[in-house]
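Chemist: Provided herewith: work-v3.txt, compact mmCIF, C-alpha atoms.
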# COMPACT_ATOMS: atom_id res chain seq x y z
CA MET A 1 57.87 64.26 -107.90
CA GLY A 2 54.64 65.36 -109.50
CA SER A 3 53.27 68.91 -109.15
CA LYS A 4 50.63 69.55 -106.52
CA LYS A 5 47.36 70.84 -108.02
CA LYS A 6 45.27 73.43 -106.20
CA GLN A 7 41.90 72.15 -105.02
CA VAL A 8 38.80 74.21 -105.79
CA ILE A 9 36.63 74.30 -102.65
CA GLY A 10 34.14 76.93 -103.72
CA TYR A 11 33.55 80.17 -105.54
CA LYS A 12 33.21 83.89 -104.89
CA TYR A 13 30.06 85.47 -106.30
CA PHE A 14 29.72 88.95 -107.79
CA LEU A 15 26.41 90.51 -108.65
CA GLY A 16 24.99 93.49 -110.47
CA MET A 17 21.62 94.39 -108.97
CA HIS A 18 19.08 97.20 -108.84
CA LEU A 19 17.29 97.57 -105.47
CA VAL A 20 14.27 99.90 -105.35
CA ILE A 21 13.67 100.90 -101.73
CA CYS A 22 10.87 103.44 -101.35
CA HIS A 23 9.37 106.69 -102.60
CA GLY A 24 11.97 109.40 -102.96
CA PRO A 25 13.85 111.52 -102.49
CA VAL A 26 14.61 110.92 -98.80
CA ASP A 27 16.61 113.05 -96.38
CA SER A 28 19.44 110.53 -96.08
CA ILE A 29 20.55 106.92 -96.36
CA GLN A 30 22.26 105.95 -93.12
CA LYS A 31 22.91 102.22 -93.01
CA ILE A 32 23.05 99.08 -95.15
CA ILE A 33 22.48 95.76 -93.40
CA VAL A 34 23.07 92.46 -95.18
CA GLY A 35 22.21 89.15 -93.58
CA ASP A 36 21.47 90.83 -90.22
CA ARG A 37 24.95 92.42 -90.16
CA GLU A 38 25.97 96.01 -90.77
CA ALA A 39 27.84 96.26 -94.07
CA TRP A 40 28.01 100.06 -94.32
CA SER A 41 27.04 103.16 -92.36
CA GLY A 42 27.20 106.85 -93.19
CA ASN A 43 24.97 109.78 -94.13
CA VAL A 44 24.33 110.09 -97.85
CA THR A 45 22.02 113.00 -98.68
CA ALA A 46 22.33 113.13 -102.49
CA SER A 47 22.79 110.80 -105.43
CA GLY A 48 26.27 109.40 -105.93
CA ASP A 49 28.56 106.42 -105.37
CA ILE A 50 29.46 104.82 -102.05
CA THR A 51 32.03 102.11 -101.41
CA ILE A 52 31.30 99.08 -99.24
CA ALA A 53 34.41 97.41 -97.80
CA ALA A 54 33.20 94.51 -95.66
CA SER A 55 34.70 91.49 -97.46
CA GLU A 56 35.04 89.59 -94.15
CA LEU A 57 31.45 90.28 -93.05
CA PHE A 58 30.38 86.61 -93.16
CA GLY A 59 33.75 85.03 -92.34
CA GLY A 60 35.74 85.72 -95.50
CA ASP A 61 36.47 83.65 -98.59
CA LYS A 62 36.68 80.27 -96.81
CA LYS A 63 33.30 80.71 -95.14
CA GLU A 64 30.44 82.77 -96.58
CA GLY A 65 32.43 85.75 -97.83
CA GLY A 66 31.30 89.33 -97.33
CA ILE A 67 30.20 92.48 -99.14
CA SER A 68 32.44 94.84 -101.09
CA GLY A 69 32.28 97.05 -104.15
CA THR A 70 30.78 100.23 -105.50
CA VAL A 71 27.11 101.01 -104.99
CA ASN A 72 25.39 103.86 -106.79
CA VAL A 73 22.78 105.72 -104.70
CA MET A 74 19.87 107.08 -106.74
CA MET A 75 17.71 109.45 -104.68
CA GLY A 76 15.05 109.80 -107.36
CA GLU A 77 15.26 113.56 -107.92
CA LEU A 78 13.19 115.11 -110.69
CA THR A 79 16.42 115.78 -112.62
CA GLN A 80 17.84 112.27 -112.18
CA ALA A 81 19.36 110.87 -115.39
CA LYS A 82 19.37 107.27 -116.57
CA ASN A 83 21.86 105.09 -114.75
CA THR A 84 24.81 104.39 -117.04
CA TYR A 85 25.60 101.01 -115.46
CA LEU A 86 22.04 99.73 -115.89
CA GLN A 87 21.98 101.09 -119.44
CA SER A 88 25.21 99.25 -120.32
CA LYS A 89 23.93 95.94 -118.98
CA ILE A 90 20.31 95.99 -120.16
CA GLN A 91 21.07 97.70 -123.48
CA THR A 92 17.52 98.81 -124.05
CA LEU A 93 15.30 101.75 -123.24
CA ILE A 94 15.12 102.18 -119.46
CA PRO A 95 13.50 104.87 -117.28
CA ALA A 96 15.48 107.24 -115.07
CA PHE A 97 13.67 105.87 -112.00
CA ARG A 98 12.73 109.32 -110.75
CA GLY A 99 10.51 109.50 -107.67
CA VAL A 100 11.94 106.40 -106.02
CA VAL A 101 15.06 105.76 -103.95
CA SER A 102 17.18 102.90 -105.26
CA LEU A 103 20.64 101.34 -105.11
CA VAL A 104 22.58 99.96 -108.06
CA LEU A 105 25.23 97.36 -107.22
CA LYS A 106 28.03 97.57 -109.79
CA GLN A 107 29.17 93.96 -109.91
CA CYS A 108 29.69 93.82 -106.13
CA TYR A 109 31.13 90.91 -104.19
CA VAL A 110 28.09 89.55 -102.32
CA CYS A 111 28.97 86.08 -100.99
CA ALA A 112 31.27 83.07 -101.18
CA MET A 113 30.96 79.27 -101.00
CA SER A 114 27.20 79.54 -101.43
CA PRO A 115 25.38 80.86 -104.51
CA TYR A 116 22.60 82.36 -102.38
CA PRO A 117 23.11 86.07 -101.54
CA LYS A 118 21.72 87.26 -98.23
CA ALA A 119 18.85 89.72 -97.80
CA TRP A 120 19.62 93.44 -97.86
CA ALA A 121 17.99 96.04 -95.58
CA ILE A 122 18.52 99.78 -95.86
CA LYS A 123 17.96 102.40 -93.15
CA VAL A 124 16.67 105.64 -94.62
CA LYS A 125 15.51 108.84 -92.96
CA ARG A 126 12.74 111.11 -94.16
CA ILE A 127 10.99 113.62 -91.91
CA PRO A 128 7.46 114.26 -93.28
CA ALA A 129 5.56 117.55 -93.63
CA LYS A 130 8.61 119.77 -93.10
CA THR A 131 7.08 122.43 -95.34
CA TRP A 132 4.01 122.59 -93.08
CA TYR A 133 5.45 122.97 -89.56
CA ALA A 134 9.20 122.50 -89.77
CA ALA A 135 9.99 123.60 -86.21
CA LYS A 136 8.26 120.56 -84.67
CA ALA A 137 8.68 118.00 -87.46
CA GLU A 138 11.68 116.10 -86.05
CA ILE A 139 11.92 114.64 -82.55
CA SER A 140 15.39 113.29 -81.68
CA GLY A 141 15.94 111.86 -85.13
CA SER A 142 12.40 110.48 -85.42
CA ALA A 143 9.26 111.93 -86.99
CA ASN A 144 6.50 113.75 -85.14
CA PRO A 145 3.46 111.41 -85.41
CA VAL A 146 1.16 114.36 -86.16
CA HIS A 147 3.37 115.31 -89.10
CA VAL A 148 3.15 111.70 -90.31
CA ILE A 149 -0.65 111.91 -90.25
CA TYR A 150 -0.66 115.38 -91.86
CA GLU A 151 1.42 114.27 -94.86
CA THR A 152 -0.48 111.01 -95.22
CA LEU A 153 -3.66 113.05 -95.54
CA THR A 154 -2.30 115.70 -97.91
CA ASN A 155 0.31 113.94 -100.07
CA LYS A 156 -0.98 113.70 -103.65
CA ASP A 157 1.39 110.95 -104.81
CA TRP A 158 0.85 108.20 -102.22
CA GLY A 159 -1.50 109.81 -99.65
CA MET A 160 -5.15 110.86 -99.70
CA GLY A 161 -4.47 114.17 -101.48
CA ILE A 162 -6.74 116.21 -99.21
CA ASP A 163 -6.58 119.99 -99.55
CA PRO A 164 -4.72 121.34 -96.46
CA ALA A 165 -7.44 123.99 -96.17
CA LEU A 166 -9.82 121.21 -95.10
CA LEU A 167 -7.69 120.46 -92.02
CA ASN A 168 -8.04 122.42 -88.78
CA ASP A 169 -4.51 123.81 -88.78
CA THR A 170 -4.73 125.13 -85.21
CA LYS A 171 -5.62 121.74 -83.74
CA PHE A 172 -3.05 119.88 -85.82
CA ARG A 173 -0.33 122.28 -84.65
CA ALA A 174 -1.46 121.97 -81.03
CA ALA A 175 -1.24 118.18 -81.26
CA ALA A 176 2.20 118.43 -82.90
CA ASP A 177 3.35 120.73 -80.08
CA THR A 178 2.22 118.17 -77.49
CA CYS A 179 4.07 115.27 -79.12
CA PHE A 180 7.18 117.43 -79.51
CA ALA A 181 7.10 118.47 -75.85
CA GLU A 182 6.67 114.83 -74.80
CA GLY A 183 9.55 113.66 -77.00
CA LEU A 184 7.21 111.16 -78.65
CA GLY A 185 8.73 110.47 -82.07
CA VAL A 186 7.98 107.55 -84.39
CA SER A 187 9.77 105.68 -87.16
CA MET A 188 7.17 104.05 -89.39
CA MET A 189 6.73 102.57 -92.83
CA ILE A 190 3.59 102.57 -94.96
CA SER A 191 3.27 99.94 -97.66
CA ASN A 192 0.81 99.15 -100.41
CA GLN A 193 -0.62 96.29 -98.36
CA ASP A 194 -2.09 98.74 -95.84
CA SER A 195 -5.01 101.09 -96.43
CA ILE A 196 -4.34 104.74 -95.66
CA GLU A 197 -7.12 104.77 -93.07
CA LYS A 198 -5.61 101.80 -91.25
CA PHE A 199 -2.18 103.42 -91.26
CA ILE A 200 -3.53 106.71 -89.87
CA TYR A 201 -5.31 104.95 -87.00
CA GLU A 202 -2.18 102.94 -86.30
CA VAL A 203 -0.23 106.20 -85.89
CA LEU A 204 -3.02 107.59 -83.70
CA GLY A 205 -2.65 104.54 -81.46
CA HIS A 206 0.98 105.47 -80.87
CA CYS A 207 0.19 109.03 -79.75
CA ASN A 208 -3.18 108.16 -78.13
CA GLY A 209 -5.22 110.42 -80.36
CA MET A 210 -8.54 110.61 -82.18
CA PHE A 211 -9.26 111.79 -85.73
CA PHE A 212 -12.64 113.18 -86.74
CA ILE A 213 -14.61 115.81 -88.64
CA GLU A 214 -15.59 118.76 -86.48
CA PRO A 215 -19.36 119.31 -86.35
CA THR A 216 -18.84 123.07 -85.99
CA THR A 217 -16.48 123.65 -88.96
CA GLY A 218 -16.67 120.55 -91.13
CA LYS A 219 -12.88 120.32 -91.09
CA PHE A 220 -10.71 117.35 -90.22
CA ALA A 221 -9.26 117.59 -86.73
CA ILE A 222 -7.07 115.61 -84.40
CA LYS A 223 -7.25 115.45 -80.63
CA LEU A 224 -4.78 113.81 -78.27
CA LEU A 225 -6.21 112.25 -75.12
CA ARG A 226 -4.34 114.10 -72.41
CA ASP A 227 -4.87 115.69 -68.99
CA ASP A 228 -5.27 119.10 -70.60
CA TYR A 229 -8.65 120.30 -69.36
CA VAL A 230 -10.03 122.30 -66.43
CA VAL A 231 -12.74 120.30 -64.65
CA ALA A 232 -14.65 123.39 -63.50
CA SER A 233 -15.13 124.59 -67.09
CA LEU A 234 -16.41 121.29 -68.53
CA PRO A 235 -19.99 121.11 -69.83
CA ILE A 236 -22.48 119.25 -67.66
CA TYR A 237 -24.86 116.49 -68.76
CA ASN A 238 -27.57 115.23 -66.40
CA GLU A 239 -31.32 114.70 -66.26
CA SER A 240 -31.90 118.19 -67.67
CA ASN A 241 -30.40 117.47 -71.09
CA VAL A 242 -30.02 113.67 -71.17
CA ILE A 243 -33.10 111.97 -72.57
CA THR A 244 -32.20 108.50 -71.31
CA LEU A 245 -29.28 106.68 -69.75
CA GLU A 246 -29.00 103.79 -72.19
CA SER A 247 -26.40 101.83 -70.24
CA PHE A 248 -23.91 102.12 -67.42
CA ASP A 249 -21.47 99.38 -66.49
CA ARG A 250 -18.09 98.95 -64.94
CA PRO A 251 -15.68 96.08 -65.70
CA THR A 252 -15.14 93.44 -63.05
CA TYR A 253 -11.75 92.28 -61.85
CA SER A 254 -11.93 89.38 -64.28
CA GLU A 255 -11.84 91.92 -67.14
CA ILE A 256 -8.94 93.97 -65.78
CA VAL A 257 -5.39 93.61 -67.07
CA ASN A 258 -2.48 93.84 -64.65
CA GLU A 259 0.46 93.31 -67.04
CA VAL A 260 1.32 94.81 -70.43
CA VAL A 261 3.98 93.34 -72.71
CA LEU A 262 4.79 95.87 -75.43
CA SER A 263 6.72 95.12 -78.62
CA TYR A 264 8.56 97.88 -80.47
CA ARG A 265 11.24 98.22 -83.15
CA PRO A 266 14.45 100.03 -82.08
CA GLN A 267 15.50 102.65 -84.62
CA GLY A 268 17.66 101.08 -87.31
CA GLY A 269 16.97 97.58 -85.98
CA ILE A 270 15.67 94.65 -87.99
CA SER A 271 13.95 92.79 -85.14
CA ASP A 272 11.54 93.71 -82.38
CA ASP A 273 12.29 94.22 -78.70
CA THR A 274 9.88 94.15 -75.75
CA VAL A 275 9.24 95.87 -72.45
CA THR A 276 7.02 94.54 -69.66
CA VAL A 277 5.25 96.56 -66.97
CA GLN A 278 3.04 95.31 -64.14
CA ASP A 279 0.52 96.57 -61.60
CA LEU A 280 1.72 94.68 -58.53
CA ALA A 281 -1.27 95.68 -56.39
CA SER A 282 -3.69 94.37 -59.01
CA ILE A 283 -1.70 91.13 -59.37
CA GLN A 284 -1.98 90.63 -55.61
CA ALA A 285 -5.71 91.39 -55.61
CA GLN A 286 -6.45 89.10 -58.57
CA GLY A 287 -4.20 86.33 -57.36
CA GLY A 288 -2.23 86.08 -60.58
CA ILE A 289 -1.06 87.77 -63.76
CA VAL A 290 -3.57 88.81 -66.43
CA SER A 291 -1.39 89.86 -69.35
CA HIS A 292 -2.07 91.96 -72.43
CA SER A 293 0.20 92.14 -75.48
CA ALA A 294 0.54 95.34 -77.51
CA THR A 295 2.60 96.15 -80.59
CA TYR A 296 3.74 99.65 -81.53
CA PRO A 297 6.05 99.24 -84.56
CA GLY A 298 6.67 102.99 -84.83
CA ILE A 299 8.13 103.36 -81.33
CA ASP A 300 11.90 103.29 -81.73
CA THR A 301 13.34 103.89 -78.23
CA ALA A 302 13.13 101.86 -75.03
CA ALA A 303 12.18 104.96 -73.04
CA ASN A 304 9.12 105.72 -75.17
CA ALA A 305 8.20 102.03 -75.24
CA ALA A 306 8.14 101.98 -71.44
CA ARG A 307 6.03 105.15 -71.36
CA LEU A 308 3.44 103.72 -73.72
CA ALA A 309 3.37 100.45 -71.83
CA MET A 310 2.65 102.34 -68.60
CA ARG A 311 -0.02 104.37 -70.40
CA ASP A 312 -1.76 101.24 -71.61
CA LEU A 313 -1.44 99.57 -68.21
CA ARG A 314 -2.99 102.55 -66.46
CA GLN A 315 -5.97 102.50 -68.81
CA LYS A 316 -6.47 98.73 -68.72
CA SER A 317 -5.86 98.18 -65.00
CA THR A 318 -8.40 100.80 -63.90
CA PRO A 319 -12.09 99.78 -63.78
CA LEU A 320 -13.34 102.73 -65.83
CA ALA A 321 -17.08 103.03 -66.25
CA ARG A 322 -18.60 102.73 -69.72
CA ILE A 323 -21.64 104.88 -70.37
CA LYS A 324 -24.09 105.24 -73.24
CA ILE A 325 -26.50 108.17 -73.15
CA LYS A 326 -29.09 109.72 -75.44
CA VAL A 327 -28.94 113.52 -75.28
CA ASN A 328 -30.95 116.28 -76.86
CA LYS A 329 -29.58 118.78 -79.36
CA THR A 330 -27.62 120.61 -76.66
CA GLY A 331 -24.95 118.01 -77.44
CA TRP A 332 -24.71 118.92 -81.14
CA SER A 333 -21.16 120.25 -80.79
CA LEU A 334 -19.72 117.18 -79.03
CA ALA A 335 -16.82 115.63 -80.93
CA LEU A 336 -14.67 112.55 -80.44
CA GLY A 337 -12.28 112.98 -77.55
CA ASP A 338 -14.29 115.75 -75.89
CA VAL A 339 -14.65 115.64 -72.11
CA PHE A 340 -17.73 116.47 -70.00
CA LYS A 341 -19.14 115.98 -66.51
CA PHE A 342 -21.97 113.49 -66.07
CA SER A 343 -24.38 113.19 -63.14
CA TRP A 344 -27.27 110.78 -62.63
CA ALA A 345 -29.17 110.75 -59.34
CA GLU A 346 -30.61 107.23 -59.76
CA HIS A 347 -27.13 105.71 -59.65
CA GLY A 348 -25.68 108.20 -57.21
CA LEU A 349 -23.31 109.63 -59.81
CA VAL A 350 -22.08 113.20 -59.45
CA ASP A 351 -19.71 114.87 -61.88
CA ILE A 352 -18.11 111.75 -63.38
CA ILE A 353 -15.54 112.95 -65.91
CA CYS A 354 -16.38 111.23 -69.19
CA ARG A 355 -14.65 111.23 -72.58
CA VAL A 356 -16.56 110.81 -75.85
CA MET A 357 -15.58 107.63 -77.70
CA ALA A 358 -18.32 107.43 -80.35
CA ILE A 359 -21.24 109.56 -81.56
CA ASN A 360 -24.38 108.85 -83.53
CA ALA A 361 -25.82 112.22 -84.53
CA GLY A 362 -29.18 110.71 -85.49
CA GLY A 363 -31.56 112.36 -87.95
CA LEU A 364 -32.68 115.97 -88.42
CA THR A 365 -36.17 115.30 -87.08
CA THR A 366 -35.43 113.06 -84.09
CA GLY A 367 -33.59 115.63 -81.96
CA GLU A 368 -31.61 112.82 -80.33
CA ILE A 369 -27.86 112.21 -80.24
CA ILE A 370 -26.43 108.93 -78.94
CA VAL A 371 -23.09 109.34 -77.19
CA GLU A 372 -20.88 106.46 -76.12
CA CYS A 373 -18.27 107.49 -73.59
CA ALA A 374 -15.89 106.15 -70.98
CA GLU A 375 -14.84 107.45 -67.61
CA ASP A 376 -11.68 109.43 -68.21
CA VAL A 377 -8.61 108.07 -66.47
CA PHE A 378 -7.26 111.61 -66.01
CA GLY A 379 -10.43 112.76 -64.28
CA LEU A 380 -10.63 110.08 -61.59
CA PRO A 381 -9.46 112.35 -58.72
CA SER A 382 -12.36 114.71 -59.48
CA THR A 383 -15.06 112.04 -59.65
CA THR A 384 -17.64 111.94 -56.86
CA TYR A 385 -20.03 109.15 -55.86
CA VAL A 386 -22.89 109.84 -53.45
CA GLY A 387 -25.69 107.87 -51.85
CA ASN A 388 -23.59 105.18 -50.17
CA GLN A 389 -25.61 102.65 -48.18
CA SER A 390 -25.69 103.27 -44.45
CA ASN A 391 -24.07 100.83 -42.04
CA LEU A 392 -26.53 97.99 -41.28
CA TRP A 393 -24.32 96.22 -38.76
CA VAL A 394 -25.80 95.73 -35.28
CA ASP A 395 -23.55 94.99 -32.36
CA PRO A 396 -24.54 91.49 -31.19
CA VAL A 397 -23.25 92.17 -27.67
CA SER A 398 -25.86 93.76 -25.45
CA THR A 399 -25.74 94.94 -21.89
With the file now loaded, output its structure as structure tokens.
Modeler:
Amino acid sequence: MGSKKKQVIGYKYFLGMHLVICHGPVDSIQKIIVGDREAWSGNVTASGDITIAASELFGGDKKEGGISGTVNVMMGELTQAKNTYLQSKIQTLIPAFRGVVSLVLKQCYVCAMSPYPKAWAIKVKRIPAKTWYAAKAEISGSANPVHVIYETLTNKDWGMGIDPALLNDTKFRAAADTCFAEGLGVSMMISNQDSIEKFIYEVLGHCNGMFFIEPTTGKFAIKLLRDDYVVASLPIYNESNVITLESFDRPTYSEIVNEVVLSYRPQGGISDDTVTVQDLASIQAQGGIVSHSATYPGIDTAANAARLAMRDLRQKSTPLARIKIKVNKTGWSLALGDVFKFSWAEHGLVDIICRVMAINAGGLTTGEIIVECAEDVFGLPSTTYVGNQSNLWVDPVST
């Protein structure tokens, strides 16, 4: 009888590879995901080797193989030396790759039966601005959004490089305290494709804040839109200091949203999840669903996603008045996010609580400041309307 030869049905593939992840160092590397599956998890806080042992991750040798082998973690410290494995393979002058976090696969088993390795994703953790206000920097494993903005403004390597002395430290700390107390943490990534300004305003959208230069100090400041004011102490604007009421309108029911579908990215996940909230009374009144989609990529828990969805729904399902006024120089100190009381006899408005949304300070000689504002959703219980029309109904039944 003849000998039976073994049949080759495929091959196992091993790969040496250098993966540069992000700016470094980071606080820790926590997870490696390959092809949408977790290949390794842990908590690496310094440079060194880790071992991946997931050779059956994609079904083993007779299917698509798995991941196994030694991976060198390079945190990118200032003292980081050249990687010996890369040096032995490239055999030329190479940098030490300081300042970036990277992984070096030392001839790892990456797949079988198919010569196409799957995509790698790495979960890293870095809490920003810890040297500024460490006590409130981390919120349940996520970053305080105010700390994210602070470092984006002040970082000299990849941020705007602004001198911290030009930031109103008191207001930044107050905003950080608020986010910390609310448990509102974010997990976000900034890339070269985004401008720094766009990224900052994206973070502000998560925490419902406004960023501006204070007219009184010339410093950068941040203000979160919250129910944190005393109505009785608010400044008053009316016919005595308002030159003209440029416009006053209120959205109709056709403009009101009664459902919000919010997309977010769970921490450590590689795909988005959604939450949906509805205003049932508004749906009944409008005779159907008017939906609005929102995306908050930095929100990483279902609880915070639901809170932000309810926040957006409250703002978009309430017919808040929009007002544009021209005031005299008594309004010179108004800043974005400030709140004031507005009265106007012609429209029967008394003490409407308004929040500043935009300001045009005008010129030095005009003495006019144009303020665009919106009725504040937190001040609705204190708003008063007078001058209602009397009842014109006449009973048709006579004696």
Chemist: In Å, how far is it from atom CA of Ala129 of chain A to atom CA of Asp228 of chain A?
Modeler: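 Spanning atom CA of Ala129 of chain A to atom CA of Asp228 of chain A is a straight-line distance of 25.5 Å.
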Chemist: Neighbours of Thr244 of chain A within 9 Å (only C-alpha atoms; same-chain residues fewer than 4 positions away dropped), as a PDB file with C-alpha atoms, in the frame of the given file?
Modeler:
ATOM      1  CA  GLU A 239     -31.320 114.700 -66.260  1.00  0.00           C
ATOM      2  CA  LYS A 324     -24.090 105.240 -73.240  1.00  0.00           C
ATOM      3  CA  ILE A 325     -26.500 108.170 -73.150  1.00  0.00           C
ATOM      4  CA  LYS A 326     -29.090 109.720 -75.440  1.00  0.00           C
ATOM      5  CA  VAL A 327     -28.940 113.520 -75.280  1.00  0.00           C
TER       6      VAL A 327
END
Chemist: For a quick check of your reading of the model, name the residues lying within 10 Å of the coordinate (14.0, 99.8, -82.1), counting only C-alpha atoms, and write them as a list in words.
Modeler: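 The requested residues, written out, are Ser187, Ser263, Tyr264, Arg265, Pro266, Gln267, Gly268, Gly269, Ile270, Ser271, Asp272, Asp273, Thr274, Pro297, Gly298, Ile299, Asp300, Thr301, Ala302 and Ala305 of chain A.
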Chemist: From the set A:Val275, A:Ile353, A:Ala39, A:Ala294, which residue has the shortest atom-to-atom contact distance to Ala232 of chain A, counting all atoms listed in the file?
Modeler: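 Under the stated criterion, the closest residue is A:Ile353.
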Chemist: Output as AutoDock Vina command-line options the centre and edge lengths (Å, one decimal) of the box along x, y and z of the file that holds every listed atom of segment 358-375 of chain A after adding 3 Å on each side.
Modeler:
--center_x -25.5 --center_y 111.1 --center_z -78.0 --size_x 27.3 --size_y 15.8 --size_z 26.8
Chemist: Find the residue from A:Phe172, A:Tyr201, A:Tyr237, A:Phe248 that sits nearest to Lys219 of chain A; use only C-alpha atoms when measuring.
Modeler: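 Counting only C-alpha atoms, the residue closest to Lys219 of chain A is A:Phe172.
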Chemist: Quick one: residues within 10 Å of Gly60 of chain A, all atoms listed in the file counted, chain neighbours fewer than 4 positions away excluded, as a ChimeraX atom specification?
Modeler: /A:12,54-56,64-67,111-113
Chemist: Measure the distance from atom CA of Ala361 of chain A to atom CA of Trp332 of chain A in Å and round it to one decimal.
Modeler: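 Separation between atom CA of Ala361 of chain A and atom CA of Trp332 of chain A: 7.6 Å.
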Chemist: Please list as a PyMOL selection string every residue within 10 Å of segment 313-320 of chain A, counting only C-alpha atoms and excluding residues in the same chain fewer than 6 positions away.
Modeler: chain A and resi 249-253+255-261+276-279+282-283+290-292+307+354+374-378+380
Chemist: Identify, on the basis of all atoms listed in the file, every residue whose closest approach to segment 21-34 of chain A does not exceed 10 Å; exclude the query and any residue fewer than 6 positions from it along the same chain; express the result as an NGL selection string.
Modeler: :A and (40-47 or 52 or 57-58 or 66-67 or 73-78 or 97-103 or 110 or 117-128 or 157-158 or 189-191 or 268-270)
Chemist: Nearest to Lys106 of chain A among A:Gly16, A:Gly48, A:Gly367, A:Gly183, with distances taken over all atoms listed in the file: which residue is it?
Modeler: A:Gly16
